[in-house]
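File shown here: query_26.txt, holding compact mmCIF, C-alpha atoms.
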# COMPACT_ATOMS: atom_id res chain seq x y z
CA MET A 1 0.00 0.00 0.00
CA GLY A 2 1.33 3.43 -0.92
CA ASN A 3 1.62 6.49 1.29
CA ILE A 4 -1.68 8.36 1.20
CA LEU A 5 -0.16 11.71 2.18
CA ASP A 6 2.47 11.48 -0.57
CA ALA A 7 -0.20 10.63 -3.13
CA PHE A 8 -2.37 13.47 -1.86
CA ALA A 9 0.51 15.98 -2.01
CA GLN A 10 1.41 14.91 -5.54
CA ASP A 11 -2.20 15.07 -6.75
CA GLU A 12 -2.20 11.33 -7.36
CA LEU A 13 -4.95 10.44 -4.91
CA HIS A 14 -7.95 9.23 -6.88
CA VAL A 15 -11.20 9.34 -4.93
CA ILE A 16 -13.50 8.99 -7.92
CA PRO A 17 -13.74 5.35 -8.92
CA SER A 18 -12.48 4.68 -12.42
CA GLU A 19 -14.80 1.70 -12.69
CA GLU A 20 -18.14 2.16 -11.05
CA ILE A 21 -19.59 -0.98 -9.52
CA ARG A 22 -23.32 -0.56 -9.29
CA SER A 23 -25.65 -2.52 -7.10
CA PRO A 24 -28.47 -4.33 -8.93
CA ARG A 25 -30.90 -1.66 -7.69
CA HIS A 26 -28.64 1.17 -8.88
CA GLN A 27 -28.20 -0.47 -12.29
CA LYS A 28 -31.96 -0.92 -12.62
CA LEU A 29 -32.51 2.76 -11.84
CA CYS A 30 -29.84 3.82 -14.36
CA ASP A 31 -31.44 1.66 -17.03
CA ARG A 32 -34.84 3.17 -16.26
CA VAL A 33 -33.46 6.70 -16.51
CA CYS A 34 -32.05 5.95 -19.96
CA GLU A 35 -35.30 4.36 -21.07
CA LEU A 36 -37.40 7.33 -19.93
CA GLN A 37 -34.97 9.82 -21.42
CA GLU A 38 -35.16 8.11 -24.81
CA LYS A 39 -38.96 8.02 -24.70
CA LEU A 40 -39.15 11.69 -23.81
CA GLU A 41 -36.69 12.74 -26.50
CA GLU A 42 -38.78 10.93 -29.13
CA LYS A 43 -41.74 13.13 -28.23
CA LEU A 44 -39.88 16.45 -28.25
CA ASN A 45 -39.18 18.79 -31.12
CA ASN A 46 -35.66 20.15 -31.68
CA GLU A 47 -36.13 23.25 -29.51
CA GLU A 48 -37.59 21.16 -26.69
CA LYS A 49 -34.74 18.65 -27.00
CA GLU A 50 -32.19 21.45 -26.63
CA LEU A 51 -33.97 22.72 -23.53
CA PHE A 52 -34.19 19.22 -22.11
CA ASN A 53 -30.49 18.57 -22.76
CA GLU A 54 -29.58 21.87 -21.11
CA LEU A 55 -31.70 20.89 -18.11
CA MET A 56 -29.94 17.53 -17.89
CA ASP A 57 -26.51 19.21 -18.06
CA VAL A 58 -27.38 21.70 -15.32
CA MET A 59 -28.82 18.93 -13.15
CA ALA A 60 -25.63 16.91 -13.61
CA ASP A 61 -23.52 19.93 -12.61
CA GLU A 62 -25.70 20.51 -9.55
CA ASN A 63 -25.41 16.84 -8.63
CA CYS A 64 -21.61 17.09 -8.83
CA CYS A 65 -21.66 20.09 -6.48
CA TYR A 66 -23.87 18.17 -4.06
CA ALA A 67 -21.63 15.09 -4.24
CA GLN A 68 -18.55 17.23 -3.59
CA SER A 69 -20.18 18.87 -0.56
CA LYS A 70 -21.31 15.48 0.72
CA PHE A 71 -17.78 14.07 0.32
CA ILE A 72 -16.21 17.02 2.17
CA ARG A 73 -18.75 16.79 4.99
CA GLY A 74 -18.17 13.05 5.31
CA TYR A 75 -14.41 13.54 5.32
CA ARG A 76 -14.72 16.13 8.07
CA LEU A 77 -16.97 13.83 10.09
CA GLY A 78 -14.48 10.98 9.72
CA THR A 79 -11.66 13.25 10.88
CA LEU A 80 -13.66 14.40 13.90
CA MET A 81 -14.40 10.77 14.76
CA THR A 82 -10.69 9.95 14.51
CA MET A 83 -9.83 12.88 16.76
CA GLU A 84 -12.38 11.68 19.32
CA VAL A 85 -10.92 8.17 19.26
CA MET A 86 -7.37 9.47 19.60
CA ALA A 87 -8.37 11.75 22.50
CA GLY A 88 -9.22 8.64 24.52
CA GLN A 89 -6.03 6.73 23.80
CA GLU A 90 -4.51 7.41 27.23
CA THR A 91 -7.10 5.10 28.78
CA PHE A 92 -5.22 2.15 27.31
CA PHE A 93 -1.96 2.86 29.15
CA GLY A 94 -1.11 2.17 32.76
CA ARG A 95 -0.17 4.93 35.15
CA ASN A 96 3.47 4.73 34.10
CA GLY A 97 2.82 4.45 30.37

Would you mind writing the structure in this file as structure tokens?
Amino acid sequence: MGNILDAFAQDELHVIPSEEIRSPRHQKLCDRVCELQEKLEEKLNNEEKELFNELMDVMADENCCYAQSKFIRGYRLGTLMTMEVMAGQETFFGRNG
């Protein structure tokens, strides 16, 4: 296993999975999204398709912002939990330790 801090400092830490492994439920939802999107696009004229595609792009961007905020909040929570655990480490040592 490599050194996480070195990888982080050298911008080599990859937190976004290169290969997404979806649960069966997630895959089913993704398939349904594609199916509904195709059905809707068949019913739209060119102007409506452009508007729909713009909506999808903006929603994807918003979702990325949400995911980034969620990641940062989770990272902070994990760090706080680690600090709390480390604050109690002295309970494991004897009076001389």

Spatial neighbours of segment 5-19 of chain A, 12 Å, only C-alpha atoms, chain gap at least 2 places, as a compact mmCIF listing (two decimals) with C-alpha atoms, in the coordinates of the input:
# COMPACT_ATOMS: atom_id res chain seq x y z
CA MET A 1 0.00 0.00 0.00
CA GLY A 2 1.33 3.43 -0.92
CA ASN A 3 1.62 6.49 1.29
CA ILE A 21 -19.59 -0.98 -9.52
CA ARG A 22 -23.32 -0.56 -9.29
CA CYS A 64 -21.61 17.09 -8.83
CA ALA A 67 -21.63 15.09 -4.24
CA GLN A 68 -18.55 17.23 -3.59
CA PHE A 71 -17.78 14.07 0.32
CA ILE A 72 -16.21 17.02 2.17
CA TYR A 75 -14.41 13.54 5.32

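Going from atom CA of His26 of chain A to atom CA of Glu42 of chain A covers 24.7 Å.
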
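Atom CA of Leu77 of chain A to atom CA of Glu90 of chain A spans 22.1 Å [interatomic distance, one decimal].
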
With 8 Å added on each side, what axis-aligned box encloses every listed atom of segment 22-28 of chain A? Give the centre and edge lengths in Å to one decimal, as lines of an AutoDock Vina configuration file.
center_x = -27.6
center_y = -1.6
center_z = -9.9
size_x = 24.6
size_y = 21.5
size_z = 21.5

Practice task
Give me, please, the distance in Å between atom CA of Cys34 of chain A and atom CA of Asn53 of chain A, quoted to one decimal.
Solution key: 13.0 Å

Complete the atom set of segment 38-49 of chain A to all heavy atoms and return it as a PDB file, in the coordinates of the input.
ATOM      1  N   GLU A  38     -34.956   8.403 -23.391  1.00  0.00           N
ATOM      2  CA  GLU A  38     -35.160   8.110 -24.810  1.00  0.00           C
ATOM      3  C   GLU A  38     -36.609   8.304 -25.226  1.00  0.00           C
ATOM      4  O   GLU A  38     -36.896   8.887 -26.280  1.00  0.00           O
ATOM      5  CB  GLU A  38     -34.708   6.685 -25.120  1.00  0.00           C
ATOM      6  CG  GLU A  38     -33.213   6.506 -25.095  1.00  0.00           C
ATOM      7  CD  GLU A  38     -32.782   5.056 -25.240  1.00  0.00           C
ATOM      8  OE1 GLU A  38     -33.643   4.176 -25.487  1.00  0.00           O
ATOM      9  OE2 GLU A  38     -31.576   4.791 -25.101  1.00  0.00           O
ATOM     10  N   LYS A  39     -37.533   7.856 -24.399  1.00  0.00           N
ATOM     11  CA  LYS A  39     -38.960   8.020 -24.700  1.00  0.00           C
ATOM     12  C   LYS A  39     -39.339   9.489 -24.773  1.00  0.00           C
ATOM     13  O   LYS A  39     -40.086   9.908 -25.658  1.00  0.00           O
ATOM     14  CB  LYS A  39     -39.822   7.316 -23.649  1.00  0.00           C
ATOM     15  CG  LYS A  39     -39.875   5.824 -23.790  1.00  0.00           C
ATOM     16  CD  LYS A  39     -40.807   5.217 -22.737  1.00  0.00           C
ATOM     17  CE  LYS A  39     -40.883   3.719 -22.865  1.00  0.00           C
ATOM     18  NZ  LYS A  39     -41.791   3.125 -21.861  1.00  0.00           N
ATOM     19  N   LEU A  40     -38.833  10.260 -23.831  1.00  0.00           N
ATOM     20  CA  LEU A  40     -39.150  11.690 -23.810  1.00  0.00           C
ATOM     21  C   LEU A  40     -38.558  12.395 -25.024  1.00  0.00           C
ATOM     22  O   LEU A  40     -39.237  13.213 -25.665  1.00  0.00           O
ATOM     23  CB  LEU A  40     -38.645  12.324 -22.520  1.00  0.00           C
ATOM     24  CG  LEU A  40     -38.941  13.805 -22.323  1.00  0.00           C
ATOM     25  CD1 LEU A  40     -40.442  14.090 -22.371  1.00  0.00           C
ATOM     26  CD2 LEU A  40     -38.346  14.309 -21.028  1.00  0.00           C
ATOM     27  N   GLU A  41     -37.330  12.087 -25.365  1.00  0.00           N
ATOM     28  CA  GLU A  41     -36.690  12.740 -26.500  1.00  0.00           C
ATOM     29  C   GLU A  41     -37.408  12.435 -27.819  1.00  0.00           C
ATOM     30  O   GLU A  41     -37.414  13.270 -28.720  1.00  0.00           O
ATOM     31  CB  GLU A  41     -35.217  12.345 -26.581  1.00  0.00           C
ATOM     32  CG  GLU A  41     -34.378  13.040 -25.529  1.00  0.00           C
ATOM     33  CD  GLU A  41     -32.904  12.706 -25.618  1.00  0.00           C
ATOM     34  OE1 GLU A  41     -32.543  11.705 -26.275  1.00  0.00           O
ATOM     35  OE2 GLU A  41     -32.106  13.439 -25.022  1.00  0.00           O
ATOM     36  N   GLU A  42     -38.016  11.267 -27.932  1.00  0.00           N
ATOM     37  CA  GLU A  42     -38.780  10.930 -29.130  1.00  0.00           C
ATOM     38  C   GLU A  42     -40.000  11.830 -29.302  1.00  0.00           C
ATOM     39  O   GLU A  42     -40.446  12.087 -30.421  1.00  0.00           O
ATOM     40  CB  GLU A  42     -39.247   9.471 -29.071  1.00  0.00           C
ATOM     41  CG  GLU A  42     -38.137   8.467 -29.253  1.00  0.00           C
ATOM     42  CD  GLU A  42     -38.603   7.031 -29.013  1.00  0.00           C
ATOM     43  OE1 GLU A  42     -39.816   6.816 -28.779  1.00  0.00           O
ATOM     44  OE2 GLU A  42     -37.749   6.128 -29.053  1.00  0.00           O
ATOM     45  N   LYS A  43     -40.526  12.324 -28.190  1.00  0.00           N
ATOM     46  CA  LYS A  43     -41.740  13.130 -28.230  1.00  0.00           C
ATOM     47  C   LYS A  43     -41.463  14.633 -28.360  1.00  0.00           C
ATOM     48  O   LYS A  43     -42.385  15.399 -28.578  1.00  0.00           O
ATOM     49  CB  LYS A  43     -42.567  12.881 -26.969  1.00  0.00           C
ATOM     50  CG  LYS A  43     -43.079  11.458 -26.867  1.00  0.00           C
ATOM     51  CD  LYS A  43     -43.898  11.262 -25.616  1.00  0.00           C
ATOM     52  CE  LYS A  43     -44.377   9.839 -25.502  1.00  0.00           C
ATOM     53  NZ  LYS A  43     -45.538   9.531 -26.311  1.00  0.00           N
ATOM     54  N   LEU A  44     -40.214  15.026 -28.237  1.00  0.00           N
ATOM     55  CA  LEU A  44     -39.880  16.450 -28.250  1.00  0.00           C
ATOM     56  C   LEU A  44     -39.425  16.922 -29.618  1.00  0.00           C
ATOM     57  O   LEU A  44     -38.794  16.175 -30.363  1.00  0.00           O
ATOM     58  CB  LEU A  44     -38.756  16.721 -27.238  1.00  0.00           C
ATOM     59  CG  LEU A  44     -39.044  16.364 -25.777  1.00  0.00           C
ATOM     60  CD1 LEU A  44     -37.800  16.610 -24.928  1.00  0.00           C
ATOM     61  CD2 LEU A  44     -40.218  17.145 -25.232  1.00  0.00           C
ATOM     62  N   ASN A  45     -39.726  18.190 -29.900  1.00  0.00           N
ATOM     63  CA  ASN A  45     -39.180  18.790 -31.120  1.00  0.00           C
ATOM     64  C   ASN A  45     -37.752  19.250 -30.827  1.00  0.00           C
ATOM     65  O   ASN A  45     -37.262  19.123 -29.705  1.00  0.00           O
ATOM     66  CB  ASN A  45     -40.078  19.928 -31.625  1.00  0.00           C
ATOM     67  CG  ASN A  45     -40.128  21.109 -30.662  1.00  0.00           C
ATOM     68  OD1 ASN A  45     -39.148  21.449 -30.007  1.00  0.00           O
ATOM     69  ND2 ASN A  45     -41.293  21.751 -30.575  1.00  0.00           N
ATOM     70  N   ASN A  46     -37.081  19.792 -31.830  1.00  0.00           N
ATOM     71  CA  ASN A  46     -35.660  20.150 -31.680  1.00  0.00           C
ATOM     72  C   ASN A  46     -35.437  21.185 -30.575  1.00  0.00           C
ATOM     73  O   ASN A  46     -34.496  21.062 -29.792  1.00  0.00           O
ATOM     74  CB  ASN A  46     -35.096  20.664 -33.003  1.00  0.00           C
ATOM     75  CG  ASN A  46     -34.890  19.542 -33.997  1.00  0.00           C
ATOM     76  OD1 ASN A  46     -34.819  18.373 -33.616  1.00  0.00           O
ATOM     77  ND2 ASN A  46     -34.818  19.879 -35.269  1.00  0.00           N
ATOM     78  N   GLU A  47     -36.282  22.204 -30.532  1.00  0.00           N
ATOM     79  CA  GLU A  47     -36.130  23.250 -29.510  1.00  0.00           C
ATOM     80  C   GLU A  47     -36.336  22.652 -28.110  1.00  0.00           C
ATOM     81  O   GLU A  47     -35.595  22.953 -27.172  1.00  0.00           O
ATOM     82  CB  GLU A  47     -37.137  24.374 -29.749  1.00  0.00           C
ATOM     83  CG  GLU A  47     -36.991  25.551 -28.806  1.00  0.00           C
ATOM     84  CD  GLU A  47     -38.004  26.652 -29.094  1.00  0.00           C
ATOM     85  OE1 GLU A  47     -38.474  26.762 -30.242  1.00  0.00           O
ATOM     86  OE2 GLU A  47     -38.304  27.398 -28.149  1.00  0.00           O
ATOM     87  N   GLU A  48     -37.309  21.802 -27.967  1.00  0.00           N
ATOM     88  CA  GLU A  48     -37.590  21.160 -26.690  1.00  0.00           C
ATOM     89  C   GLU A  48     -36.453  20.211 -26.286  1.00  0.00           C
ATOM     90  O   GLU A  48     -36.094  20.117 -25.118  1.00  0.00           O
ATOM     91  CB  GLU A  48     -38.920  20.411 -26.732  1.00  0.00           C
ATOM     92  CG  GLU A  48     -40.115  21.339 -26.888  1.00  0.00           C
ATOM     93  CD  GLU A  48     -41.397  20.605 -27.269  1.00  0.00           C
ATOM     94  OE1 GLU A  48     -41.319  19.535 -27.902  1.00  0.00           O
ATOM     95  OE2 GLU A  48     -42.479  21.139 -26.944  1.00  0.00           O
ATOM     96  N   LYS A  49     -35.869  19.535 -27.272  1.00  0.00           N
ATOM     97  CA  LYS A  49     -34.740  18.650 -27.000  1.00  0.00           C
ATOM     98  C   LYS A  49     -33.543  19.439 -26.480  1.00  0.00           C
ATOM     99  O   LYS A  49     -32.852  19.009 -25.555  1.00  0.00           O
ATOM    100  CB  LYS A  49     -34.338  17.877 -28.248  1.00  0.00           C
ATOM    101  CG  LYS A  49     -35.254  16.728 -28.584  1.00  0.00           C
ATOM    102  CD  LYS A  49     -34.770  15.993 -29.815  1.00  0.00           C
ATOM    103  CE  LYS A  49     -35.778  14.936 -30.231  1.00  0.00           C
ATOM    104  NZ  LYS A  49     -35.360  14.241 -31.443  1.00  0.00           N
TER     105      LYS A  49
END
